[in-house]
file structure26.txt (compact mmCIF, C-alpha atoms (C1' of nucleotides))
# COMPACT_ATOMS: atom_id res chain seq x y z
CA MET A 9 -60.62 -23.26 -32.35
CA THR A 10 -57.80 -25.06 -34.13
CA GLU A 11 -57.72 -28.87 -33.96
CA ALA A 12 -54.07 -29.20 -32.97
CA GLY A 13 -52.91 -25.70 -32.21
CA LEU A 14 -49.41 -24.48 -31.57
CA ARG A 15 -50.20 -24.39 -27.87
CA GLU A 16 -51.14 -28.06 -27.61
CA ARG A 17 -48.09 -29.26 -29.50
CA LYS A 18 -45.83 -27.04 -27.43
CA GLN A 19 -47.36 -28.49 -24.26
CA GLU A 20 -46.88 -32.03 -25.50
CA ARG A 21 -43.23 -31.35 -26.20
CA GLN A 22 -42.78 -29.69 -22.83
CA ARG A 23 -44.46 -32.64 -21.11
CA ALA A 24 -42.27 -35.17 -22.90
CA GLU A 25 -39.19 -33.13 -22.10
CA LEU A 26 -40.06 -33.07 -18.41
CA VAL A 27 -40.51 -36.86 -18.40
CA ARG A 28 -37.20 -37.31 -20.21
CA ILE A 29 -35.27 -35.09 -17.80
CA GLY A 30 -37.07 -36.46 -14.75
CA MET A 31 -36.41 -40.10 -15.67
CA ARG A 32 -32.76 -39.33 -16.38
CA LEU A 33 -32.29 -37.70 -12.98
CA PHE A 34 -34.24 -40.45 -11.22
CA SER A 35 -32.12 -43.19 -12.76
CA GLU A 36 -28.93 -41.29 -12.02
CA GLN A 37 -29.57 -40.23 -8.43
CA GLY A 38 -32.57 -42.28 -7.38
CA PHE A 39 -36.18 -41.20 -7.07
CA ASP A 40 -36.17 -39.92 -3.50
CA ALA A 41 -32.84 -38.13 -3.82
CA THR A 42 -34.07 -36.12 -6.79
CA THR A 43 -36.05 -33.00 -5.86
CA VAL A 44 -38.77 -31.43 -7.96
CA ASP A 45 -36.77 -28.20 -7.98
CA GLU A 46 -33.87 -29.97 -9.66
CA ILE A 47 -36.11 -31.25 -12.43
CA ALA A 48 -37.76 -27.87 -12.84
CA GLU A 49 -34.41 -26.11 -13.01
CA ALA A 50 -32.97 -28.64 -15.47
CA ALA A 51 -36.05 -28.20 -17.69
CA GLU A 52 -35.95 -24.41 -17.26
CA VAL A 53 -39.49 -24.09 -15.98
CA SER A 54 -40.74 -22.90 -12.63
CA ARG A 55 -41.58 -25.35 -9.90
CA ARG A 56 -45.20 -24.19 -10.08
CA THR A 57 -45.41 -24.93 -13.80
CA LEU A 58 -44.03 -28.43 -13.32
CA PHE A 59 -46.82 -29.12 -10.85
CA ARG A 60 -49.33 -27.98 -13.48
CA TYR A 61 -48.05 -30.69 -15.81
CA PHE A 62 -47.73 -33.39 -13.13
CA GLY A 63 -49.80 -33.46 -9.97
CA THR A 64 -47.12 -35.36 -8.07
CA LYS A 65 -43.49 -36.32 -8.52
CA ALA A 66 -44.51 -39.95 -8.98
CA ASP A 67 -46.75 -38.93 -11.88
CA ILE A 68 -43.62 -38.35 -13.94
CA VAL A 69 -42.70 -42.02 -13.54
CA MET A 70 -46.29 -43.04 -14.23
CA GLU A 71 -46.34 -40.99 -17.42
CA TRP A 72 -43.26 -42.88 -18.54
CA ALA A 73 -44.89 -46.21 -17.65
CA ARG A 74 -47.93 -45.22 -19.66
CA GLY A 75 -45.85 -45.80 -22.78
CA THR A 76 -45.61 -49.52 -22.07
CA THR A 77 -49.34 -49.64 -21.39
CA ALA A 78 -50.05 -48.03 -24.75
CA VAL A 79 -47.91 -50.66 -26.49
CA LEU A 80 -49.86 -53.47 -24.82
CA THR A 81 -53.31 -52.04 -25.56
CA ALA A 82 -52.45 -51.27 -29.18
CA SER A 83 -51.17 -54.81 -29.56
CA LEU A 84 -54.34 -56.25 -28.05
CA ARG A 85 -56.53 -54.20 -30.39
CA ASP A 86 -54.72 -55.81 -33.33
CA ARG A 87 -55.58 -59.38 -32.33
CA PRO A 88 -58.37 -61.18 -34.23
CA LEU A 89 -61.75 -61.00 -32.50
CA ASP A 90 -62.45 -64.72 -32.82
CA GLU A 91 -59.37 -65.58 -30.80
CA HIS A 92 -59.89 -66.58 -27.18
CA PRO A 93 -59.17 -63.51 -24.97
CA MET A 94 -56.54 -65.37 -22.94
CA ASP A 95 -54.74 -66.39 -26.13
CA SER A 96 -54.82 -62.77 -27.29
CA LEU A 97 -53.35 -61.64 -23.99
CA ASN A 98 -50.70 -64.36 -24.22
CA ALA A 99 -49.76 -63.12 -27.68
CA VAL A 100 -49.68 -59.51 -26.50
CA PHE A 101 -47.15 -60.19 -23.77
CA VAL A 102 -45.06 -62.40 -26.03
CA ALA A 103 -45.00 -59.60 -28.59
CA MET A 104 -43.81 -57.16 -25.96
CA CYS A 105 -40.97 -59.53 -25.03
CA GLU A 106 -40.06 -60.01 -28.66
CA SER A 107 -39.70 -56.28 -29.18
CA PHE A 108 -36.58 -56.62 -27.02
CA ILE A 109 -35.27 -59.62 -28.95
CA GLU A 110 -32.12 -57.84 -30.09
CA ARG A 111 -31.18 -56.83 -26.55
CA PRO A 112 -32.21 -59.61 -24.16
CA ARG A 113 -29.49 -58.75 -21.65
CA THR A 114 -30.65 -55.14 -21.50
CA MET A 115 -34.22 -56.22 -20.87
CA HIS A 116 -32.96 -58.59 -18.18
CA ARG A 117 -30.89 -55.92 -16.46
CA VAL A 118 -33.69 -53.34 -16.51
CA SER A 119 -36.28 -55.88 -15.34
CA VAL A 120 -34.14 -56.99 -12.43
CA MET A 121 -33.43 -53.36 -11.54
CA ILE A 122 -37.10 -52.40 -11.52
CA GLU A 123 -38.48 -55.54 -9.86
CA ARG A 124 -35.79 -56.15 -7.28
CA THR A 125 -35.10 -52.59 -6.10
CA PRO A 126 -37.25 -52.15 -2.99
CA SER A 127 -37.89 -48.43 -3.44
CA LEU A 128 -38.99 -49.05 -7.04
CA ARG A 129 -41.34 -51.91 -6.18
CA PRO A 130 -44.44 -49.75 -5.58
CA TYR A 131 -44.06 -48.14 -9.00
CA SER A 132 -43.67 -51.47 -10.69
CA LEU A 133 -46.86 -52.67 -9.04
CA LEU A 134 -48.59 -49.44 -10.02
CA LYS A 135 -47.52 -50.05 -13.59
CA HIS A 136 -48.91 -53.58 -13.55
CA ALA A 137 -52.19 -52.30 -12.08
CA GLN A 138 -52.28 -49.78 -14.93
CA TRP A 139 -51.82 -52.65 -17.41
CA GLU A 140 -54.65 -54.59 -15.78
CA ASP A 141 -57.08 -51.67 -15.99
CA ALA A 142 -56.14 -50.77 -19.56
CA LEU A 143 -56.24 -54.35 -20.86
CA ALA A 144 -59.61 -54.98 -19.17
CA ALA A 145 -60.96 -51.81 -20.80
CA VAL A 146 -59.82 -52.95 -24.25
CA LEU A 147 -61.39 -56.38 -23.69
CA ARG A 148 -64.73 -54.71 -22.90
CA GLU A 149 -64.33 -52.36 -25.85
CA ARG A 150 -63.78 -55.33 -28.20
CA THR A 151 -66.58 -57.50 -26.82
CA PRO A 152 -68.90 -55.43 -24.62
CA GLU A 153 -70.88 -58.50 -23.54
CA ILE A 154 -67.83 -59.82 -21.68
CA GLY A 155 -68.77 -57.91 -18.53
CA GLU A 156 -66.82 -56.30 -15.72
CA LEU A 157 -66.09 -59.48 -13.79
CA ARG A 158 -64.79 -61.52 -16.68
CA SER A 159 -62.74 -58.74 -18.28
CA GLY A 160 -61.24 -57.79 -14.93
CA LEU A 161 -60.36 -61.39 -14.12
CA LEU A 162 -58.87 -62.11 -17.55
CA ALA A 163 -56.67 -59.02 -17.49
CA ARG A 164 -55.50 -59.63 -13.92
CA ILE A 165 -54.80 -63.32 -14.53
CA ALA A 166 -52.84 -62.45 -17.67
CA VAL A 167 -50.71 -59.94 -15.78
CA ALA A 168 -50.32 -62.51 -12.99
CA ALA A 169 -49.06 -65.04 -15.54
CA PHE A 170 -46.64 -62.50 -16.98
CA ARG A 171 -45.34 -61.52 -13.54
CA THR A 172 -44.84 -65.17 -12.61
CA ALA A 173 -43.02 -65.84 -15.87
CA LEU A 174 -40.85 -62.76 -15.44
CA ASP A 175 -40.07 -63.86 -11.90
CA GLU A 176 -38.73 -67.21 -13.12
CA TRP A 177 -36.85 -65.65 -16.01
CA MET A 178 -35.18 -63.08 -13.76
CA SER A 179 -33.58 -65.94 -11.82
CA THR A 180 -31.83 -67.05 -15.00
CA GLU A 181 -28.88 -65.48 -16.78
CA GLY A 182 -31.15 -63.71 -19.20
CA ASP A 183 -29.35 -64.71 -22.40
CA THR A 184 -32.69 -64.90 -24.12
CA VAL A 185 -35.95 -63.01 -24.08
CA PRO A 186 -38.55 -64.58 -21.70
CA THR A 187 -41.01 -65.68 -24.41
CA ALA A 188 -40.71 -69.35 -23.44
CA TYR A 189 -41.45 -68.59 -19.79
CA VAL A 190 -44.45 -66.47 -20.73
CA ASP A 191 -45.85 -69.20 -22.97
CA ARG A 192 -45.29 -71.79 -20.26
CA ALA A 193 -47.10 -69.69 -17.64
CA PHE A 194 -50.06 -69.00 -19.93
CA GLY A 195 -50.00 -72.68 -20.89
CA ALA A 196 -50.30 -73.67 -17.22
CA VAL A 197 -53.26 -71.32 -16.87
CA ARG A 198 -54.88 -72.75 -19.99
CA ASP A 199 -54.28 -76.38 -19.00
CA GLY A 200 -56.62 -76.00 -16.12
CA LEU A 201 -54.36 -74.96 -13.37
CA VAL A 202 -57.61 -74.38 -11.59
CA MET B 29 -32.53 -58.44 30.21
CA THR B 30 -36.14 -59.46 30.86
CA GLU B 31 -37.91 -61.49 28.19
CA ALA B 32 -40.91 -59.22 27.94
CA GLY B 33 -40.13 -56.16 30.02
CA LEU B 34 -42.52 -53.42 30.99
CA ARG B 35 -41.03 -51.20 28.33
CA GLU B 36 -41.67 -53.66 25.48
CA ARG B 37 -45.25 -54.31 26.50
CA LYS B 38 -45.88 -50.59 26.90
CA GLN B 39 -44.51 -50.00 23.42
CA GLU B 40 -46.66 -52.73 21.95
CA ARG B 41 -49.74 -51.23 23.55
CA GLN B 42 -48.77 -47.76 22.38
CA ARG B 43 -48.22 -49.03 18.87
CA ALA B 44 -51.56 -50.82 18.76
CA GLU B 45 -53.29 -47.76 20.20
CA LEU B 46 -51.80 -45.53 17.50
CA VAL B 47 -53.00 -47.92 14.80
CA ARG B 48 -56.46 -48.03 16.36
CA ILE B 49 -56.79 -44.25 16.59
CA GLY B 50 -55.21 -43.66 13.19
CA MET B 51 -57.49 -46.13 11.42
CA ARG B 52 -60.53 -44.64 13.13
CA LEU B 53 -59.64 -41.12 12.00
CA PHE B 54 -58.69 -42.29 8.48
CA SER B 55 -61.97 -44.10 7.99
CA GLU B 56 -63.94 -41.16 9.41
CA GLN B 57 -62.27 -38.29 7.57
CA GLY B 58 -60.27 -39.95 4.82
CA PHE B 59 -56.53 -40.63 4.69
CA ASP B 60 -55.31 -37.36 3.17
CA ALA B 61 -57.65 -35.18 5.22
CA THR B 62 -56.27 -36.62 8.45
CA THR B 63 -53.04 -35.01 9.61
CA VAL B 64 -50.36 -36.76 11.60
CA ASP B 65 -50.74 -34.05 14.25
CA GLU B 66 -54.38 -35.01 14.77
CA ILE B 67 -53.45 -38.64 15.37
CA ALA B 68 -50.61 -37.65 17.67
CA GLU B 69 -52.86 -35.35 19.66
CA ALA B 70 -55.66 -37.91 19.91
CA ALA B 71 -53.14 -40.51 21.14
CA GLU B 72 -51.50 -37.96 23.46
CA VAL B 73 -48.02 -38.37 22.07
CA SER B 74 -45.80 -35.90 20.29
CA ARG B 75 -45.63 -35.79 16.53
CA ARG B 76 -41.98 -36.83 16.72
CA THR B 77 -42.74 -39.91 18.80
CA LEU B 78 -45.41 -41.02 16.35
CA PHE B 79 -42.81 -40.87 13.59
CA ARG B 80 -40.54 -43.09 15.72
CA TYR B 81 -43.25 -45.76 15.74
CA PHE B 82 -44.20 -45.34 12.09
CA GLY B 83 -41.82 -44.07 9.45
CA THR B 84 -44.64 -42.66 7.35
CA LYS B 85 -48.34 -41.95 7.74
CA ALA B 86 -49.09 -44.83 5.37
CA ASP B 87 -47.17 -47.24 7.64
CA ILE B 88 -50.03 -46.97 10.10
CA VAL B 89 -52.34 -48.44 7.48
CA MET B 90 -49.72 -51.03 6.53
CA GLU B 91 -49.33 -52.14 10.13
CA TRP B 92 -53.05 -52.68 10.25
CA ALA B 93 -52.93 -54.54 6.93
CA ARG B 94 -50.05 -56.75 8.06
CA GLY B 95 -52.42 -58.53 10.36
CA THR B 96 -54.44 -59.68 7.36
CA THR B 97 -51.48 -61.52 5.82
CA ALA B 98 -50.99 -63.51 9.00
CA VAL B 99 -54.69 -64.32 9.13
CA LEU B 100 -54.65 -65.55 5.53
CA THR B 101 -51.60 -67.81 5.89
CA ALA B 102 -52.81 -69.29 9.18
CA SER B 103 -56.17 -69.94 7.59
CA LEU B 104 -54.57 -71.64 4.59
CA ARG B 105 -52.49 -73.91 6.82
CA ASP B 106 -55.72 -75.13 8.42
CA ARG B 107 -57.28 -76.32 5.15
CA PRO B 108 -57.33 -80.09 4.41
CA LEU B 109 -54.44 -81.24 2.21
CA ASP B 110 -56.64 -83.23 -0.17
CA GLU B 111 -58.60 -80.11 -1.11
CA HIS B 112 -57.78 -78.48 -4.46
CA PRO B 113 -55.43 -75.53 -3.79
CA MET B 114 -57.76 -73.06 -5.52
CA ASP B 115 -60.67 -74.23 -3.37
CA SER B 116 -58.51 -73.77 -0.28
CA LEU B 117 -57.61 -70.25 -1.38
CA ASN B 118 -61.28 -69.50 -2.07
CA ALA B 119 -62.19 -70.66 1.43
CA VAL B 120 -59.37 -68.62 2.94
CA PHE B 121 -60.57 -65.35 1.41
CA VAL B 122 -64.18 -66.11 2.26
CA ALA B 123 -63.14 -66.78 5.86
CA MET B 124 -61.38 -63.42 5.99
CA CYS B 125 -64.52 -61.69 4.77
CA GLU B 126 -66.65 -63.55 7.29
CA SER B 127 -64.49 -62.37 10.16
CA PHE B 128 -66.01 -58.94 9.47
CA ILE B 129 -69.57 -60.29 9.32
CA GLU B 130 -70.73 -58.24 12.30
CA ARG B 131 -69.46 -54.96 10.84
CA PRO B 132 -69.88 -55.07 7.07
CA ARG B 133 -70.19 -51.27 6.80
CA THR B 134 -66.90 -50.80 8.62
CA MET B 135 -65.17 -53.24 6.28
CA HIS B 136 -66.71 -51.40 3.33
CA ARG B 137 -65.64 -47.97 4.55
CA VAL B 138 -62.08 -49.11 5.29
CA SER B 139 -61.78 -50.99 1.98
CA VAL B 140 -62.94 -47.98 -0.02
CA MET B 141 -60.56 -45.74 1.93
CA ILE B 142 -57.59 -48.00 1.23
CA GLU B 143 -58.36 -48.91 -2.38
CA ARG B 144 -59.68 -45.58 -3.63
CA THR B 145 -57.26 -43.13 -1.99
CA PRO B 146 -54.69 -42.43 -4.71
CA SER B 147 -51.80 -41.83 -2.32
CA LEU B 148 -52.56 -45.18 -0.64
CA ARG B 149 -52.73 -47.20 -3.87
CA PRO B 150 -49.05 -48.22 -3.93
CA TYR B 151 -49.35 -49.52 -0.39
CA SER B 152 -52.48 -51.46 -1.16
CA LEU B 153 -50.70 -53.12 -4.08
CA LEU B 154 -47.72 -53.82 -1.83
CA LYS B 155 -50.06 -55.54 0.61
CA HIS B 156 -51.52 -57.71 -2.15
CA ALA B 157 -48.03 -58.60 -3.37
CA GLN B 158 -47.23 -59.59 0.21
CA TRP B 159 -50.30 -61.83 0.25
CA GLU B 160 -49.23 -63.45 -3.02
CA ASP B 161 -45.74 -64.23 -1.76
CA ALA B 162 -46.94 -65.50 1.62
CA LEU B 163 -49.71 -67.67 0.18
CA ALA B 164 -47.42 -69.15 -2.49
CA ALA B 165 -44.90 -69.99 0.24
CA VAL B 166 -47.55 -71.81 2.28
CA LEU B 167 -48.69 -73.73 -0.80
CA ARG B 168 -45.12 -74.95 -1.37
CA GLU B 169 -44.72 -75.73 2.31
CA ARG B 170 -47.88 -77.89 2.22
CA THR B 171 -47.09 -79.71 -1.04
CA PRO B 172 -43.46 -79.19 -2.03
CA GLU B 173 -43.95 -80.93 -5.38
CA ILE B 174 -46.25 -78.11 -6.53
CA GLY B 175 -43.30 -76.09 -7.81
CA GLU B 176 -42.54 -72.38 -8.14
CA LEU B 177 -44.56 -71.76 -11.27
CA ARG B 178 -47.76 -73.42 -10.12
CA SER B 179 -47.70 -72.06 -6.56
CA GLY B 180 -46.91 -68.56 -7.80
CA LEU B 181 -49.69 -68.70 -10.38
CA LEU B 182 -52.27 -70.09 -7.95
CA ALA B 183 -51.55 -67.47 -5.32
CA ARG B 184 -51.55 -64.61 -7.81
CA ILE B 185 -54.74 -65.78 -9.51
CA ALA B 186 -56.43 -66.13 -6.13
CA VAL B 187 -55.46 -62.59 -5.15
CA ALA B 188 -56.58 -61.42 -8.61
CA ALA B 189 -59.97 -63.04 -8.01
CA PHE B 190 -60.24 -61.41 -4.61
CA ARG B 191 -59.28 -57.99 -5.95
CA THR B 192 -61.82 -58.27 -8.75
CA ALA B 193 -64.52 -59.32 -6.28
CA LEU B 194 -63.64 -56.49 -3.90
CA ASP B 195 -63.73 -54.05 -6.79
CA GLU B 196 -67.31 -55.02 -7.63
CA TRP B 197 -68.37 -55.04 -3.99
CA MET B 198 -66.91 -51.59 -3.34
CA SER B 199 -69.27 -50.17 -5.97
CA THR B 200 -72.22 -51.36 -3.88
CA GLU B 201 -73.60 -49.92 -0.66
CA GLY B 202 -71.70 -52.47 1.39
CA ASP B 203 -74.61 -53.61 3.55
CA THR B 204 -73.21 -57.11 3.47
CA VAL B 205 -69.78 -58.72 3.56
CA PRO B 206 -68.42 -59.54 0.05
CA THR B 207 -68.51 -63.34 0.41
CA ALA B 208 -70.90 -63.76 -2.52
CA TYR B 209 -68.69 -61.65 -4.80
CA VAL B 210 -65.61 -63.64 -3.79
CA ASP B 211 -67.33 -66.97 -4.44
CA ARG B 212 -68.60 -65.70 -7.78
CA ALA B 213 -65.10 -64.57 -8.86
CA PHE B 214 -63.49 -67.86 -7.81
CA GLY B 215 -66.38 -69.66 -9.48
CA ALA B 216 -65.64 -67.88 -12.74
CA VAL B 217 -62.00 -68.90 -12.47
CA ARG B 218 -62.97 -72.51 -11.76
CA ASP B 219 -65.54 -72.70 -14.56
CA GLY B 220 -62.82 -72.29 -17.12
CA LEU B 221 -62.64 -68.62 -17.61
CA VAL B 222 -59.57 -69.56 -19.54
C1' DA C 1 -52.55 -4.21 -38.20
C1' DC C 2 -54.85 -3.98 -33.85
C1' DA C 3 -57.44 -5.22 -29.82
C1' DC C 4 -59.26 -8.55 -26.81
C1' DA C 5 -60.14 -12.62 -24.12
C1' DA C 6 -58.40 -16.90 -22.59
C1' DA C 7 -54.95 -19.60 -21.20
C1' DG C 8 -50.30 -20.46 -19.55
C1' DC C 9 -46.76 -18.97 -16.62
C1' DG C 10 -43.89 -17.39 -12.54
C1' DG C 11 -43.63 -15.72 -7.83
C1' DC C 12 -45.13 -15.87 -3.22
C1' DA C 13 -46.81 -17.66 0.84
C1' DC C 14 -48.82 -21.31 3.05
C1' DT C 15 -49.83 -26.32 4.96
C1' DG C 16 -48.36 -30.91 5.89
C1' DA C 17 -44.95 -34.91 5.80
C1' DG C 18 -40.73 -36.35 7.28
C1' DT C 19 -35.86 -35.76 9.60
C1' DG C 20 -31.80 -34.45 12.48
C1' DA C 21 -30.10 -32.65 16.81
C1' DC C 22 -30.40 -32.02 21.49
C1' DA C 23 -31.98 -32.05 26.16
C1' DG C 24 -34.88 -34.09 29.80
C1' DC C 25 -37.02 -38.02 31.77
C1' DT C 26 -37.71 -42.99 33.06
C1' DG C 27 -37.39 -47.77 33.57
C1' DA C 28 -34.01 -51.76 34.08
C1' DC C 29 -30.48 -53.42 36.80
C1' DA C 30 -26.64 -53.69 39.92
C1' DT D 14 -30.48 -45.96 45.39
C1' DG D 15 -27.49 -44.50 41.78
C1' DT D 16 -26.31 -45.17 37.06
C1' DC D 17 -27.16 -45.43 32.29
C1' DA D 18 -29.33 -46.82 28.07
C1' DG D 19 -33.22 -45.78 25.72
C1' DC D 20 -37.50 -43.31 25.16
C1' DT D 21 -39.65 -38.84 24.77
C1' DG D 22 -40.68 -33.93 23.55
C1' DT D 23 -39.13 -29.50 21.49
C1' DC D 24 -37.22 -27.03 17.88
C1' DA D 25 -35.77 -26.09 13.43
C1' DC D 26 -35.18 -27.55 9.04
C1' DT D 27 -36.13 -29.61 3.92
C1' DC D 28 -39.23 -30.93 0.50
C1' DA D 29 -43.91 -31.99 -1.66
C1' DG D 30 -47.96 -29.94 -2.93
C1' DT D 31 -51.58 -25.94 -3.29
C1' DG D 32 -54.12 -21.43 -3.58
C1' DC D 33 -53.76 -16.82 -5.13
C1' DC D 34 -52.54 -13.10 -7.95
C1' DG D 35 -50.54 -10.43 -11.50
C1' DC D 36 -47.94 -10.70 -15.86
C1' DT D 37 -47.16 -12.51 -20.49
C1' DT D 38 -48.23 -15.17 -24.47
C1' DT D 39 -51.29 -16.80 -28.04
C1' DG D 40 -55.27 -17.68 -30.81
C1' DT D 41 -59.05 -15.10 -32.79
C1' DG D 42 -62.20 -11.47 -34.52
C1' DT D 43 -62.50 -6.97 -36.72

call {"tool": "encode", "arguments": {"input": "structure26.txt", "output": "structure tokens"}}
result
Amino acid sequence: MTEAGLRERKQERQRAELVRIGMRLFSEQGFDATTVDEIAEAAEVSRRTLFRYFGTKADIVMEWARGTTAVLTASLRDRPLDEHPMDSLNAVFVAMCESFIERPRTMHRVSVMIERTPSLRPYSLLKHAQWEDALAAVLRERTPEIGELRSGLLARIAVAAFRTALDEWMSTEGDTVPTAYVDRAFGAVRDGLV
Amino acid sequence: MTEAGLRERKQERQRAELVRIGMRLFSEQGFDATTVDEIAEAAEVSRRTLFRYFGTKADIVMEWARGTTAVLTASLRDRPLDEHPMDSLNAVFVAMCESFIERPRTMHRVSVMIERTPSLRPYSLLKHAQWEDALAAVLRERTPEIGELRSGLLARIAVAAFRTALDEWMSTEGDTVPTAYVDRAFGAVRDGLV
DNA sequence: ACACAAAGCGGCACTGAGTGACAGCTGACA
DNA sequence: TGTCAGCTGTCACTCAGTGCCGCTTTGTGT
């Protein structure tokens, strides 16, 4: 049994290709207007095969979203262990914003598109729920004694802060990346909003 | 044009009846295992008519859930103004739980059905987002000087606390209503989780 | 080089959700 | 009581998702 055989790598490429083609068609024609058959045909696989890679059509979008989750969790794993978890989470979201620092307008346009398009709303929320679960898991992995309740709360409150910050920022022109808004929201949480 | 004609009242009753029957079947057999035809047959309407009342199968669950938003906002409006907003929100969620105090097992079964059925997840998140928006709006309506940031954060953190509490409670047998879990989650938030 | 087993793949047929069109019925109102 | 808008059921269709089966590919042992 080879560690990373030809088969596995081929599958990974195929999977990535399907996501790429699917996301392109979705953004061009809309999610509902794009059929699975179209994606399968464009990727030159059978419909049945596509459903072996992705259980549902929405899973293609979720696979794409998983990329952002991976960025966040990797970033959180890099934070010093003696830092307060909420400060780590603050830093993680700020870092994500800063990765778009060269193209603030693009980030603004995409954010508004995703958050303010009604048919896309459920997927955005699904993505945020994915963030919450993944971040809570990393918190427990870093300090197991933190517990389910505390890790779950911290992750959800952090995502809540980010969503609130993004909400404010989306009402602006978006000439700059929303780091200041994120810091302000986390600051409000820290300063005993409670 | 009569204010509340026979037709309108008949429709309202029909609509409520469909929700009642649908929710009963969903909680008995699960959401995916229940077909629209079953619900239609049990309610003695045609499949097509059911789809005129509810655009999708999930809308039946959403209609049921919509009631909860109204309950929450009404409950929040009744809280004393000198109470700390987070305490008001805590009380509001506890009150919602207590309204199910006679049928804790039913609440447990329905909660698990809604939260743990993958195809229902987006709708559950949509419902929570609806709660957040509605509760934030009531907070601003009660004390306009609270501002967008603070009201948004408070509402989202409250819903985060409730979701975390519900998550823990759903892992139990559900012999009792989750009031204790809710209080514990809000307590953790209050006690400077941050 | 050859054979073999396992896994992936495509085709087919099926169920269930959701929709458009059309025809029949019924309640509101003059 | 007749008229008509609006509700209802029937039918036929598209698309998502699944089980089954036979074929092909690929990793592996001899």

call {"tool": "calpha_fit_rmsd", "arguments": {"input": "structure26.txt", "fixed": "chain B", "moving": "chain A"}}
result
2.6 Å

call {"tool": "closest_residue", "arguments": {"input": "structure26.txt", "among": "A:Arg17, A:Arg60, A:Arg23, A:Arg129", "to": "chain C", "atoms": "only C-alpha atoms (C1' of nucleotides)"}}
result
A:Arg60

call {"tool": "interface_residues", "arguments": {"input": "structure26.txt", "of": "chain C", "to": "chain A", "cutoff": "12 Å", "atoms": "all atoms listed in the file", "output": "list in words"}}
result
DA6, DA7, DG8, DC9, DG10, DG11 and DC12 of chain C

call {"tool": "write_last_selection", "arguments": {"input": "structure26.txt", "atoms": "C-alpha atoms (C1' of nucleotides)", "output": "PDB file, keeping the file's coordinate frame"}}
result
ATOM      1  C1'  DA C   6     -58.400 -16.900 -22.590  1.00  0.00           C
ATOM      2  C1'  DA C   7     -54.950 -19.600 -21.200  1.00  0.00           C
ATOM      3  C1'  DG C   8     -50.300 -20.460 -19.550  1.00  0.00           C
ATOM      4  C1'  DC C   9     -46.760 -18.970 -16.620  1.00  0.00           C
ATOM      5  C1'  DG C  10     -43.890 -17.390 -12.540  1.00  0.00           C
ATOM      6  C1'  DG C  11     -43.630 -15.720  -7.830  1.00  0.00           C
ATOM      7  C1'  DC C  12     -45.130 -15.870  -3.220  1.00  0.00           C
TER       8       DC C  12
END

call {"tool": "residues_near_point", "arguments": {"input": "structure26.txt", "point": "(-62.8, -52.7, -4.8)", "cutoff": "10 Å", "atoms": "all atoms listed in the file", "output": "PDB file with C-alpha atoms, in the coordinates of the input"}}
result
ATOM      1  CA  HIS B 136     -66.710 -51.400   3.330  1.00  0.00           C
ATOM      2  CA  SER B 139     -61.780 -50.990   1.980  1.00  0.00           C
ATOM      3  CA  VAL B 140     -62.940 -47.980  -0.020  1.00  0.00           C
ATOM      4  CA  MET B 141     -60.560 -45.740   1.930  1.00  0.00           C
ATOM      5  CA  ILE B 142     -57.590 -48.000   1.230  1.00  0.00           C
ATOM      6  CA  GLU B 143     -58.360 -48.910  -2.380  1.00  0.00           C
ATOM      7  CA  ARG B 144     -59.680 -45.580  -3.630  1.00  0.00           C
ATOM      8  CA  PHE B 190     -60.240 -61.410  -4.610  1.00  0.00           C
ATOM      9  CA  ARG B 191     -59.280 -57.990  -5.950  1.00  0.00           C
ATOM     10  CA  THR B 192     -61.820 -58.270  -8.750  1.00  0.00           C
ATOM     11  CA  ALA B 193     -64.520 -59.320  -6.280  1.00  0.00           C
ATOM     12  CA  LEU B 194     -63.640 -56.490  -3.900  1.00  0.00           C
ATOM     13  CA  ASP B 195     -63.730 -54.050  -6.790  1.00  0.00           C
ATOM     14  CA  GLU B 196     -67.310 -55.020  -7.630  1.00  0.00           C
ATOM     15  CA  TRP B 197     -68.370 -55.040  -3.990  1.00  0.00           C
ATOM     16  CA  MET B 198     -66.910 -51.590  -3.340  1.00  0.00           C
ATOM     17  CA  SER B 199     -69.270 -50.170  -5.970  1.00  0.00           C
ATOM     18  CA  THR B 200     -72.220 -51.360  -3.880  1.00  0.00           C
TER      19      THR B 200
END

call {"tool": "atom_distance", "arguments": {"input": "structure26.txt", "atom1": "atom CA of Ala73 of chain A", "atom2": "atom CA of Pro146 of chain B"}}
result
16.7 Å

call {"tool": "interface_residues", "arguments": {"input": "structure26.txt", "of": "chain A", "to": "chain B", "cutoff": "8 Å", "atoms": "only C-alpha atoms", "output": "list in words"}}
result
Met94, Arg129, Pro130, Tyr131, Leu133, Leu134, Leu157, Arg158, Gly160, Leu161, Leu162, Arg164, Ile165, Ala168, Ala169, Thr172, Ala173, Glu176, Ala193, Ala196, Val197, Arg198, Gly200, Leu201 and Val202 of chain A

call {"tool": "residues_around", "arguments": {"input": "structure26.txt", "residues": "DT31 of chain D", "least_positions_apart": "5", "cutoff": "10 Å", "atoms": "all atoms listed in the file", "output": "list of chain:residue names"}}
result
A:Arg56, A:Phe59, C:DC14, C:DT15

call {"tool": "residues_around", "arguments": {"input": "structure26.txt", "residues": "DA21 of chain C", "least_positions_apart": "2", "cutoff": "12 Å", "atoms": "only C-alpha atoms (C1' of nucleotides)", "output": "list in words"}}
result
DT19 and DA23 of chain C; DT23, DC24, DA25 and DC26 of chain D

call {"tool": "interface_residues", "arguments": {"input": "structure26.txt", "of": "chain A", "to": "chain D", "cutoff": "12 Å", "atoms": "all atoms listed in the file", "output": "PyMOL selection string"}}
result
chain A and resi 9-16+18+40-46+55-56+58-60+62-66
